[in-house]
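This is run.csv (CSV, C-alpha atoms and all ligand atoms).
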chain,number,residue,atom,x,y,z
A,9,MET,CA,-4.9,-17.6,-8.8
A,10,ALA,CA,-5.1,-15.3,-5.9
A,11,ASP,CA,-3.0,-15.8,-2.7
A,12,THR,CA,-4.0,-16.5,0.8
A,13,PHE,CA,-3.7,-13.4,3.1
A,14,ARG,CA,-1.7,-14.3,6.2
A,15,TYR,CA,-1.4,-12.5,9.4
A,16,GLU,CA,-1.4,-14.8,12.4
A,17,GLY,CA,-4.5,-16.4,10.9
A,18,GLU,CA,-5.1,-16.7,7.3
A,19,VAL,CA,-7.8,-15.6,4.8
A,20,PRO,CA,-8.0,-17.6,1.6
A,21,PRO,CA,-9.1,-16.1,-1.7
A,22,GLY,CA,-12.9,-15.7,-2.0
A,23,GLU,CA,-13.4,-15.0,1.8
A,24,THR,CA,-14.1,-12.0,4.0
A,25,ARG,CA,-12.9,-12.1,7.5
A,26,HIS,CA,-13.7,-9.7,10.4
A,27,VAL,CA,-11.2,-10.1,13.2
A,28,ARG,CA,-9.9,-8.3,16.3
A,29,TYR,CA,-6.2,-8.2,16.3
A,30,GLU,CA,-4.3,-7.6,19.5
A,31,VAL,CA,-1.8,-4.8,19.4
A,32,GLY,CA,-1.2,-4.2,23.2
A,33,GLU,CA,-2.6,-4.6,26.6
A,34,THR,CA,-4.2,-2.4,29.2
A,35,TYR,CA,-2.9,-2.2,32.8
A,36,LEU,CA,-5.8,-4.4,33.8
A,37,GLY,CA,-4.3,-7.0,31.5
A,38,ASP,CA,-7.1,-6.8,28.9
A,39,PRO,CA,-6.0,-7.0,25.3
A,40,ILE,CA,-6.1,-3.9,23.2
A,41,GLU,CA,-7.5,-5.1,19.9
A,42,ILE,CA,-8.1,-3.3,16.6
A,43,PRO,CA,-11.0,-4.3,14.4
A,44,VAL,CA,-9.8,-5.5,11.1
A,45,THR,CA,-11.7,-6.6,7.9
A,46,ILE,CA,-9.9,-8.5,5.2
A,47,VAL,CA,-11.7,-9.0,1.9
A,48,ASN,CA,-9.6,-11.4,-0.1
A,49,GLY,CA,-10.9,-11.3,-3.7
A,50,ASP,CA,-11.6,-14.2,-5.9
A,51,HIS,CA,-9.1,-12.8,-8.4
A,52,ASP,CA,-5.5,-11.8,-8.1
A,53,GLY,CA,-4.5,-8.1,-7.7
A,54,PRO,CA,-3.0,-5.5,-5.4
A,55,THR,CA,-3.4,-5.4,-1.6
A,56,VAL,CA,-5.0,-2.1,-0.7
A,57,GLY,CA,-4.7,-0.9,2.9
A,58,LEU,CA,-7.3,1.5,4.4
A,59,THR,CA,-6.7,2.9,7.9
A,60,ALA,CA,-8.7,5.2,10.2
A,61,ALA,CA,-8.7,6.7,13.7
A,62,LEU,CA,-4.9,6.7,13.9
A,63,HIS,CA,-5.9,9.8,15.8
A,64,GLY,CA,-8.6,8.5,18.2
A,65,ASP,CA,-11.2,11.3,17.8
A,66,GLU,CA,-11.1,11.5,14.0
A,67,LEU,CA,-14.2,9.6,13.1
A,68,ASN,CA,-15.2,10.3,9.5
A,69,GLY,CA,-12.8,7.7,8.3
A,70,VAL,CA,-14.2,5.1,10.7
A,71,LYS,CA,-17.5,5.4,8.9
A,72,VAL,CA,-15.8,5.3,5.5
A,73,LEU,CA,-14.1,2.0,6.4
A,74,GLN,CA,-17.3,0.5,7.9
A,75,GLU,CA,-19.0,1.1,4.5
A,76,VAL,CA,-16.0,-0.2,2.5
A,77,ALA,CA,-15.9,-3.4,4.5
A,78,ASP,CA,-19.6,-3.9,4.0
A,79,ARG,CA,-19.8,-2.9,0.4
A,80,TYR,CA,-17.1,-5.0,-1.3
A,81,THR,CA,-17.3,-8.7,-1.5
A,82,PRO,CA,-14.6,-11.1,-2.7
A,83,ALA,CA,-16.5,-11.5,-6.0
A,84,ASP,CA,-16.0,-7.7,-6.6
A,85,VAL,CA,-12.3,-7.6,-5.6
A,86,HIS,CA,-9.3,-8.3,-7.8
A,87,GLY,CA,-6.8,-8.3,-5.0
A,88,THR,CA,-7.2,-7.8,-1.3
A,89,LEU,CA,-8.7,-5.0,0.9
A,90,VAL,CA,-7.3,-4.7,4.4
A,91,CYS,CA,-9.5,-2.3,6.5
A,92,LEU,CA,-7.9,-1.4,9.8
A,93,HIS,CA,-11.0,0.3,11.2
A,94,VAL,CA,-9.6,1.9,14.3
A,95,LEU,CA,-5.8,2.1,14.8
A,96,ASN,CA,-5.6,4.1,18.0
A,97,VAL,CA,-8.0,2.1,20.1
A,98,PRO,CA,-7.1,3.7,23.5
A,99,GLY,CA,-7.6,7.2,22.0
A,100,TYR,CA,-10.8,6.1,20.4
A,101,LEU,CA,-12.2,4.8,23.6
A,102,ALA,CA,-11.3,8.1,25.4
A,103,GLN,CA,-12.2,10.2,22.3
A,104,THR,CA,-8.8,11.8,22.3
A,105,ARG,CA,-6.4,12.3,19.4
A,106,ASP,CA,-3.4,10.8,21.1
A,107,ILE,CA,-2.9,7.7,23.2
A,108,PRO,CA,-4.2,8.8,26.6
A,109,ILE,CA,-2.2,9.4,29.8
A,110,TYR,CA,1.2,10.1,28.2
A,111,ASP,CA,-0.3,11.7,25.1
A,112,GLN,CA,1.7,9.8,22.6
A,113,ASP,CA,1.0,10.5,19.0
A,114,LEU,CA,0.6,7.1,17.3
A,115,ASN,CA,1.2,8.9,13.9
A,116,ARG,CA,4.8,9.7,14.9
A,117,ALA,CA,5.6,6.2,16.0
A,118,PHE,CA,5.9,4.3,12.7
A,119,PRO,CA,7.3,1.8,11.8
A,120,GLY,CA,7.5,1.2,15.5
A,121,ARG,CA,9.8,-1.0,17.6
A,122,PRO,CA,8.7,-4.1,19.6
A,123,ARG,CA,10.6,-3.1,22.8
A,124,SER,CA,10.0,0.6,22.9
A,125,ASN,CA,7.1,2.7,24.4
A,126,THR,CA,3.4,2.0,24.1
A,127,ALA,CA,2.9,3.9,20.8
A,128,GLU,CA,5.9,2.3,19.1
A,129,ARG,CA,4.9,-1.2,20.2
A,130,MET,CA,1.4,-0.7,18.8
A,131,ALA,CA,2.8,0.8,15.6
A,132,ASP,CA,5.1,-2.1,15.2
A,133,ARG,CA,2.3,-4.7,15.5
A,134,ILE,CA,0.1,-2.8,13.0
A,135,TYR,CA,2.9,-2.0,10.6
A,136,ASP,CA,4.6,-5.4,10.6
A,137,THR,CA,1.4,-7.5,10.4
A,138,PHE,CA,-0.7,-5.6,8.0
A,139,VAL,CA,0.7,-2.4,6.4
A,140,SER,CA,3.9,-4.0,5.3
A,141,GLN,CA,1.8,-6.5,3.2
A,142,CYS,CA,0.0,-3.7,1.3
A,143,ASP,CA,0.7,-2.3,-2.1
A,144,LEU,CA,-1.2,0.9,-1.6
A,145,LEU,CA,-2.5,2.8,1.5
A,146,LEU,CA,-5.2,5.3,2.2
A,147,ASP,CA,-5.1,6.8,5.7
A,148,PHE,CA,-8.2,8.8,6.8
A,149,HIS,CA,-7.9,11.8,9.1
A,150,THR,CA,-9.9,14.9,10.0
A,151,SER,CA,-8.9,18.2,11.4
A,152,THR,CA,-8.0,18.4,15.0
A,153,ARG,CA,-10.8,19.4,17.4
A,154,ASN,CA,-12.1,23.0,17.3
A,155,ARG,CA,-11.1,23.3,13.7
A,156,THR,CA,-12.5,22.1,10.4
A,157,THR,CA,-10.7,21.2,7.3
A,158,MET,CA,-11.7,21.2,3.7
A,159,TYR,CA,-11.6,17.8,2.0
A,160,HIS,CA,-8.1,17.4,0.8
A,161,ALA,CA,-5.3,14.9,0.5
A,162,ARG,CA,-1.7,14.9,1.6
A,163,ALA,CA,0.8,13.0,-0.5
A,164,ASP,CA,4.4,13.1,-1.7
A,165,THR,CA,3.5,13.8,-5.3
A,166,SER,CA,7.1,13.8,-6.4
A,167,ASN,CA,6.8,10.0,-6.3
A,168,PRO,CA,4.9,9.1,-9.5
A,169,GLU,CA,3.0,6.2,-7.9
A,170,VAL,CA,1.9,8.3,-5.0
A,171,ASP,CA,0.9,11.0,-7.4
A,172,ARG,CA,-1.1,8.4,-9.3
A,173,LEU,CA,-2.9,7.3,-6.1
A,174,ALA,CA,-3.6,10.9,-5.1
A,175,ARG,CA,-5.0,11.8,-8.5
A,176,ALA,CA,-7.1,8.6,-8.6
A,177,PHE,CA,-8.5,9.4,-5.1
A,178,GLY,CA,-9.8,12.7,-6.7
A,179,ALA,CA,-9.4,15.4,-4.0
A,180,ASN,CA,-9.2,18.8,-5.6
A,181,VAL,CA,-6.4,20.0,-3.3
A,182,VAL,CA,-3.3,17.9,-2.5
A,183,ILE,CA,-0.8,19.2,0.0
A,184,ALA,CA,2.4,17.8,-1.4
A,185,GLY,CA,5.3,16.7,0.7
A,186,PRO,CA,6.9,13.7,2.3
A,187,GLY,CA,5.0,14.2,5.7
A,188,GLU,CA,6.4,14.0,9.2
A,189,THR,CA,9.0,11.4,10.2
A,190,GLY,CA,7.3,8.6,12.0
A,191,SER,CA,3.9,9.2,10.3
A,192,LEU,CA,2.3,6.2,8.8
A,193,ARG,CA,2.1,7.8,5.4
A,194,ARG,CA,5.8,8.7,5.2
A,195,THR,CA,6.9,5.4,6.6
A,196,ALA,CA,4.9,3.4,4.1
A,197,THR,CA,5.8,5.6,1.1
A,198,ASP,CA,9.5,5.3,2.1
A,199,ASP,CA,9.1,1.6,2.2
A,200,GLY,CA,7.7,1.5,-1.4
A,201,ILE,CA,4.0,1.4,-0.5
A,202,PRO,CA,2.5,4.5,-2.1
A,203,ALA,CA,0.4,6.2,0.7
A,204,VAL,CA,-2.0,9.1,0.8
A,205,THR,CA,-3.5,10.8,3.8
A,206,VAL,CA,-7.1,12.1,3.4
A,207,GLU,CA,-8.1,15.0,5.6
A,208,MET,CA,-11.8,15.5,5.9
A,209,GLY,CA,-13.9,17.8,8.1
A,210,LYS,CA,-14.0,17.8,11.8
A,211,ALA,CA,-13.2,15.5,14.7
A,212,HIS,CA,-16.0,13.9,16.8
A,213,ARG,CA,-18.5,13.8,13.9
A,214,PHE,CA,-19.8,11.7,11.1
A,215,GLN,CA,-20.2,14.1,8.2
A,216,PRO,CA,-22.2,12.2,5.5
A,217,THR,CA,-21.4,14.4,2.5
A,218,LEU,CA,-17.7,14.0,3.1
A,219,ILE,CA,-18.0,10.3,3.8
A,220,HIS,CA,-19.8,9.8,0.5
A,221,ARG,CA,-17.2,11.7,-1.3
A,222,ALA,CA,-14.5,9.6,0.3
A,223,LEU,CA,-16.3,6.4,-0.7
A,224,ASP,CA,-16.3,7.7,-4.3
A,225,GLY,CA,-12.6,8.3,-3.9
A,226,VAL,CA,-12.0,4.8,-2.7
A,227,ALA,CA,-14.0,3.4,-5.6
A,228,SER,CA,-12.0,5.5,-8.0
A,229,VAL,CA,-8.7,4.3,-6.6
A,230,LEU,CA,-9.9,0.7,-6.8
A,231,ALA,CA,-10.8,1.3,-10.5
A,232,GLU,CA,-7.5,3.0,-11.3
A,233,PHE,CA,-5.4,0.1,-9.8
A,234,GLY,CA,-7.6,-2.7,-11.3
A,235,VAL,CA,-9.0,-3.9,-8.0
A,236,ASP,CA,-12.5,-3.2,-9.1
A,237,PRO,CA,-12.4,-3.4,-12.9
A,238,GLU,CA,-16.2,-2.7,-13.1
A,239,ALA,CA,-15.7,0.8,-11.6
A,240,THR,CA,-14.6,3.9,-13.4
A,241,VAL,CA,-12.0,6.5,-12.3
A,242,SER,CA,-13.6,9.8,-11.3
A,243,TRP,CA,-11.9,13.1,-12.0
A,244,PRO,CA,-12.5,15.9,-9.5
A,245,GLY,CA,-12.9,18.7,-12.0
A,246,TRP,CA,-9.9,20.8,-10.8
A,247,TYR,CA,-6.8,19.7,-9.1
A,248,ARG,CA,-4.1,21.6,-7.3
A,249,ALA,CA,-1.0,20.2,-5.7
A,250,VAL,CA,0.5,22.6,-3.2
A,251,PRO,CA,4.1,22.1,-2.0
A,252,ALA,CA,4.0,21.8,1.7
A,253,ASP,CA,7.3,23.6,2.3
A,254,GLN,CA,6.8,26.7,0.1
A,255,GLY,CA,5.0,30.0,0.4
A,256,ASP,CA,2.0,28.7,-1.5
A,257,LYS,CA,0.1,28.0,1.7
A,258,THR,CA,0.0,29.5,5.1
A,259,TRP,CA,-1.6,29.3,8.4
A,260,LEU,CA,-2.8,32.8,9.3
A,261,ARG,CA,-2.4,33.2,13.1
A,262,ALA,CA,-3.9,35.6,15.6
A,263,ASP,CA,-1.6,38.4,16.7
A,264,THR,CA,-3.9,39.5,19.5
A,265,GLY,CA,-6.1,37.6,21.8
A,266,GLY,CA,-9.9,38.1,21.6
A,267,LEU,CA,-13.1,37.0,20.0
A,268,VAL,CA,-12.9,35.8,16.4
A,269,GLU,CA,-15.6,36.6,13.9
A,270,MET,CA,-15.3,34.9,10.5
A,271,ARG,CA,-16.1,37.3,7.7
A,272,TRP,CA,-15.2,35.3,4.7
A,273,GLY,CA,-17.7,33.8,2.4
A,274,PRO,CA,-20.1,32.6,1.2
A,275,TYR,CA,-17.4,30.7,-0.7
A,276,PRO,CA,-14.0,29.5,0.4
A,277,LEU,CA,-12.3,31.6,-2.3
A,278,VAL,CA,-10.7,34.8,-1.0
A,279,GLN,CA,-9.0,37.6,-3.0
A,280,GLU,CA,-5.8,39.2,-1.9
A,281,GLY,CA,-6.6,41.9,0.7
A,282,GLU,CA,-10.1,40.5,1.4
A,283,THR,CA,-11.1,40.4,5.0
A,284,ILE,CA,-11.1,36.8,6.4
A,285,CYS,CA,-12.0,37.5,10.0
A,286,THR,CA,-11.8,40.1,12.8
A,287,ILE,CA,-10.5,39.7,16.3
A,288,SER,CA,-12.1,42.0,18.9
A,289,ASP,CA,-11.7,42.6,22.6
A,290,HIS,CA,-14.6,41.9,25.0
A,291,PHE,CA,-15.6,45.5,25.2
A,292,LYS,CA,-15.6,45.8,21.4
A,293,HIS,CA,-13.3,48.8,21.7
A,294,GLU,CA,-10.6,47.4,19.5
A,295,GLU,CA,-10.9,45.3,16.4
A,296,ARG,CA,-8.1,43.7,14.3
A,297,VAL,CA,-8.9,42.8,10.8
A,298,VAL,CA,-7.2,39.8,9.3
A,299,THR,CA,-6.9,39.9,5.5
A,300,ALA,CA,-5.8,37.4,2.9
A,301,PRO,CA,-2.1,37.9,2.0
A,302,PHE,CA,-2.8,36.4,-1.4
A,303,THR,CA,-5.7,35.0,-3.5
A,304,GLY,CA,-6.5,31.5,-2.5
A,305,ILE,CA,-8.8,29.0,-1.0
A,306,LEU,CA,-9.4,28.4,2.7
A,307,VAL,CA,-8.5,24.8,3.4
A,308,GLY,CA,-8.8,24.9,7.2
A,309,VAL,CA,-10.8,27.2,9.5
A,310,LEU,CA,-10.9,27.8,13.2
A,311,GLU,CA,-14.2,26.8,14.8
A,312,ASN,CA,-13.7,27.7,18.4
A,313,PRO,CA,-14.2,31.5,18.3
A,314,VAL,CA,-11.7,32.5,21.1
A,315,ALA,CA,-8.1,33.0,20.2
A,316,GLN,CA,-4.9,34.0,21.8
A,317,PRO,CA,-1.8,35.3,20.0
A,318,GLY,CA,-0.3,32.6,17.8
A,319,HIS,CA,-3.5,30.7,17.6
A,320,PRO,CA,-4.2,29.4,14.0
A,321,LEU,CA,-7.2,31.1,12.4
A,322,CYS,CA,-7.3,29.6,9.0
A,323,HIS,CA,-5.2,27.7,6.5
A,324,LEU,CA,-5.0,29.4,3.1
A,325,VAL,CA,-3.7,27.9,-0.1
A,326,ARG,CA,-2.6,30.0,-3.0
A,327,ILE,CA,-4.2,29.3,-6.4
A,328,ASP,CA,-3.2,30.2,-9.9
A,329,GLU,CA,-5.4,31.9,-12.4
A,330,THR,CA,-6.5,28.7,-14.1
A,331,THR,CA,-7.6,27.1,-10.8
A,332,HIS,CA,-9.2,30.4,-9.8
A,333,ASP,CA,-11.3,30.4,-12.9
A,334,GLU,CA,-12.2,26.7,-12.5
A,335,ILE,CA,-13.4,27.4,-8.9
A,336,VAL,CA,-15.4,30.4,-10.0
A,337,ALA,CA,-17.1,28.2,-12.7
A,338,GLU,CA,-17.9,25.7,-10.0
A,339,ILE,CA,-19.3,28.4,-7.8
A,340,ASP,CA,-21.5,29.6,-10.7
A,341,ARG,CA,-22.8,26.0,-11.1
A,342,GLY,CA,-23.7,26.0,-7.4
A,343,GLU,CA,-21.1,23.5,-6.3
A,344,PHE,CA,-20.2,25.6,-3.3
A,345,ASP,CA,-23.7,26.7,-2.3
A,346,GLY,CA,-24.1,26.6,1.5
A,347,TYR,CA,-20.4,26.2,2.2
A,348,ARG,CA,-20.2,29.1,4.6
A,349,GLN,CA,-23.7,29.3,6.1
A,350,ARG,CA,-24.7,25.8,6.4
A,351,GLY,CA,-21.6,23.8,5.4
A,352,LEU,CA,-23.8,21.4,3.4
A,353,ARG,CA,-21.4,20.4,0.8
A,354,TRP,CA,-18.1,20.7,2.5
A,355,ARG,CA,-18.7,20.2,6.1
A,356,GLY,CA,-21.4,17.7,5.3
A,357,GLU,CA,-23.9,18.5,8.0
A,358,SER,CA,-27.6,19.1,8.1
A,359,PRO,CA,-28.7,22.7,7.8
A,360,ALA,CA,-29.1,24.6,11.1
A,361,LEU,CA,-32.7,24.8,12.3
A,362,ASP,CA,-33.1,28.5,12.0
B,401,ZN,ZN,-5.2,13.0,12.3
Show me this structure written as structure tokens.
Ligand SMILES: [Zn+2]
Amino acid sequence: MADTFRYEGEVPPGETRHVRYEVGETYLGDPIEIPVTIVNGDHDGPTVGLTAALHGDELNGVKVLQEVADRYTPADVHGTLVCLHVLNVPGYLAQTRDIPIYDQDLNRAFPGRPRSNTAERMADRIYDTFVSQCDLLLDFHTSTRNRTTMYHARADTSNPEVDRLARAFGANVVIAGPGETGSLRRTATDDGIPAVTVEMGKAHRFQPTLIHRALDGVASVLAEFGVDPEATVSWPGWYRAVPADQGDKTWLRADTGGLVEMRWGPYPLVQEGETICTISDHFKHEERVVTAPFTGILVGVLENPVAQPGHPLCHLVRIDETTHDEIVAEIDRGEFDGYRQRGLRWRGESPALD
């Protein structure tokens, strides 16, 4: 028999509840409430947490959670789904990454403290009430504004249960490491709740292709952990876990200020020595060429075309020969068509009206 899910209210087995849960207060005295959906299944099983907009302008995950909350009914679910649709409500309202005014990063405030600053108080309410009850956690993010990121996961794959979760989610690339102190992912994982961060696309957008892919990832996770026994685990084709702290990945940065022109493409695969972009001055007198220091795939790319020295241009992940060949085969099958020009498959947007 499945258990009742308790927060300050309770959700018995066989029920879905949409609630607003207070995590703070504005200076007008209004409550700051996060929208929460709890789907408590008819049958017993794990409690799966899904979180979005921990950074307030990172919206793709918000759409993923809206769909998950709508799609699964208690009859489907063996266990409980806890969807925390928008964690950073103040940032979401202002469309900023951090909590506005004092620019606190909610994703460095976990597990939080009830008598500390705004971020830590919010984190404490969220963590204590909901996250601590979960058996697994998927936390959805996007790139920060003016950049885009390839669909990938971040996970401490040295932990076998986290590795299982990351593989089940089915992203091709996993950046492996414990994550920052105070991040939701690291805090949960350290607490014995396997957690994976999903990075997908851009801030300030809904990108349907990425959202569909993430929904497939959620379905695959629910299959792997027995929450949705009807579903099947999907395998992404190729898989590469890249240690976060080794020379296997790098942010290439501008050494001069100027106007950036991306030259890579049409696929995100670049060979050692290949030109990725150029940086030129406004008179077009001088041009610096930025080349790939090793063969790899571009995981993140600058979108705002003006750079100053030190500005990140792109995030490159080294790949071995086997992965290289698998990606080439996918390119041959057309899997990456439109990646550079139109961003159809990876950036998930409609083609430009040209
Ligand atoms: Zn984020």
Per residue of chain A within 7 Å of ligand ZN 401 (chain B), note the shortest atom pair and the distance in Å to one decimal, counting all atoms listed in the file, and order the rows by chain and increasing residue number, as a tab-separated table.
residue	atom	partner	partner_atom	distance
A:Leu62	CA	B:ZN401	ZN	6.5
A:His63	CA	B:ZN401	ZN	4.8
A:Glu66	CA	B:ZN401	ZN	6.3
A:His149	CA	B:ZN401	ZN	4.4
A:Thr150	CA	B:ZN401	ZN	5.6
A:Ser151	CA	B:ZN401	ZN	6.4
A:Thr152	CA	B:ZN401	ZN	6.7
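Each of A:Cys322, A:Tyr275, A:Leu223, A:Thr286 was checked against Val336 (chain A) using all atoms listed in the file; the smallest atom-to-atom distance is that of A:Tyr275.
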Handout entry: Test item: residues at most 9 Å from Ala102 (chain A), only C-alpha atoms, excluding those fewer than 5 positions along its chain, as a PyMOL selection string
Key = chain A and resi 64-65+97+107-108
Problem - Using only C-alpha atoms: which of A:Leu73, A:Asp164, A:Arg153, A:Val31 has the shortest distance to Pro122 (chain A) - result: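 Result for the nearest residue to Pro122 (chain A): A:Val31.
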Practice task
List every protein, DNA or RNA residue that has at least one atom no more than 8 Å from (-8.3, 44.1, 10.1) in the file's coordinates, counting only C-alpha atoms, and write the result as a ChimeraX atom specification.
Solution key: /A:283,285-287,295-299
Which polymer residues have any atom within 8 Å of an atom of Gly87 (chain A), counting all atoms listed in the file, with same-chain residues fewer than 6 positions away left out, as a PDB file with C-alpha atoms, in the frame of the given file?
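The resulting file, selection_11.pdb, is reproduced below:
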ATOM      1  CA  ALA A  10      -5.100 -15.300  -5.900  1.00  0.00           C
ATOM      2  CA  ASN A  48      -9.600 -11.400  -0.100  1.00  0.00           C
ATOM      3  CA  GLY A  49     -10.900 -11.300  -3.700  1.00  0.00           C
ATOM      4  CA  ASP A  50     -11.600 -14.200  -5.900  1.00  0.00           C
ATOM      5  CA  HIS A  51      -9.100 -12.800  -8.400  1.00  0.00           C
ATOM      6  CA  ASP A  52      -5.500 -11.800  -8.100  1.00  0.00           C
ATOM      7  CA  GLY A  53      -4.500  -8.100  -7.700  1.00  0.00           C
ATOM      8  CA  PRO A  54      -3.000  -5.500  -5.400  1.00  0.00           C
ATOM      9  CA  THR A  55      -3.400  -5.400  -1.600  1.00  0.00           C
ATOM     10  CA  VAL A  56      -5.000  -2.100  -0.700  1.00  0.00           C
ATOM     11  CA  VAL A 235      -9.000  -3.900  -8.000  1.00  0.00           C
TER      12      VAL A 235
END
Practice task
Please measure the separation of CA of Val181 (chain A) and CA of Ala249 (chain A), giving the value in Å to one decimal.
Solution key: 5.9 Å
Handout entry: Residues near Val204 (chain A), cut-off 9 Å, all atoms listed in the file, skip fewer than 6 positions along chain, as number ranges by chain
Key = A: 144-148, 161-164, 170-171, 173-174, 177, 193-194, 197
Handout entry: Within 10 Å of Pro98 (chain A) using only C-alpha atoms, minus same-chain residues under 4 positions, as a VMD selection string
Key = chain A and resid 32 to 34 40 to 42 63 to 64 94 102 to 109
Handout entry: Test item: residues at most 6 Å from Gly120 (chain A), all atoms listed in the file, excluding those fewer than 2 positions along its chain, as an NGL selection string
Key = :A and (117-118 or 128-129 or 131-132)
Handout entry: Residue nearest Thr258 (chain A) - candidates A:Tyr35, A:Phe233, A:Phe302, A:Trp272, atoms counted: only C-alpha atoms
Key =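 Among the listed residues, A:Phe302 lies closest to Thr258 (chain A).
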Complete the atom set of region 80-92 of chain A to N, CA and C atoms and return it as a PDB file, in the coordinates of the input.
ATOM      1  N   TYR A  80     -17.847  -4.190  -0.318  1.00  0.00           N
ATOM      2  CA  TYR A  80     -17.100  -5.000  -1.300  1.00  0.00           C
ATOM      3  C   TYR A  80     -17.071  -6.463  -0.866  1.00  0.00           C
ATOM      4  N   THR A  81     -17.392  -7.305  -1.807  1.00  0.00           N
ATOM      5  CA  THR A  81     -17.300  -8.700  -1.500  1.00  0.00           C
ATOM      6  C   THR A  81     -16.178  -9.330  -2.338  1.00  0.00           C
ATOM      7  N   PRO A  82     -15.755 -10.528  -1.977  1.00  0.00           N
ATOM      8  CA  PRO A  82     -14.600 -11.100  -2.700  1.00  0.00           C
ATOM      9  C   PRO A  82     -14.906 -11.238  -4.225  1.00  0.00           C
ATOM     10  N   ALA A  83     -16.165 -11.362  -4.590  1.00  0.00           N
ATOM     11  CA  ALA A  83     -16.500 -11.500  -6.000  1.00  0.00           C
ATOM     12  C   ALA A  83     -16.161 -10.151  -6.755  1.00  0.00           C
ATOM     13  N   ASP A  84     -16.235  -9.011  -6.028  1.00  0.00           N
ATOM     14  CA  ASP A  84     -16.000  -7.700  -6.600  1.00  0.00           C
ATOM     15  C   ASP A  84     -14.470  -7.421  -6.768  1.00  0.00           C
ATOM     16  N   VAL A  85     -13.701  -8.048  -5.891  1.00  0.00           N
ATOM     17  CA  VAL A  85     -12.300  -7.600  -5.600  1.00  0.00           C
ATOM     18  C   VAL A  85     -11.293  -8.386  -6.375  1.00  0.00           C
ATOM     19  N   HIS A  86     -10.474  -7.697  -7.162  1.00  0.00           N
ATOM     20  CA  HIS A  86      -9.300  -8.300  -7.800  1.00  0.00           C
ATOM     21  C   HIS A  86      -8.093  -7.885  -6.926  1.00  0.00           C
ATOM     22  N   GLY A  87      -7.789  -8.679  -5.952  1.00  0.00           N
ATOM     23  CA  GLY A  87      -6.800  -8.300  -5.000  1.00  0.00           C
ATOM     24  C   GLY A  87      -7.316  -8.481  -3.592  1.00  0.00           C
ATOM     25  N   THR A  88      -6.820  -7.680  -2.660  1.00  0.00           N
ATOM     26  CA  THR A  88      -7.200  -7.800  -1.300  1.00  0.00           C
ATOM     27  C   THR A  88      -7.459  -6.428  -0.665  1.00  0.00           C
ATOM     28  N   LEU A  89      -8.531  -6.271   0.101  1.00  0.00           N
ATOM     29  CA  LEU A  89      -8.700  -5.000   0.900  1.00  0.00           C
ATOM     30  C   LEU A  89      -8.422  -5.363   2.336  1.00  0.00           C
ATOM     31  N   VAL A  90      -7.603  -4.517   2.940  1.00  0.00           N
ATOM     32  CA  VAL A  90      -7.300  -4.700   4.400  1.00  0.00           C
ATOM     33  C   VAL A  90      -7.769  -3.399   5.060  1.00  0.00           C
ATOM     34  N   CYS A  91      -8.882  -3.506   5.784  1.00  0.00           N
ATOM     35  CA  CYS A  91      -9.500  -2.300   6.500  1.00  0.00           C
ATOM     36  C   CYS A  91      -9.076  -2.408   7.942  1.00  0.00           C
ATOM     37  N   LEU A  92      -8.249  -1.473   8.370  1.00  0.00           N
ATOM     38  CA  LEU A  92      -7.900  -1.400   9.800  1.00  0.00           C
ATOM     39  C   LEU A  92      -8.790  -0.256  10.341  1.00  0.00           C
TER      40      LEU A  92
END
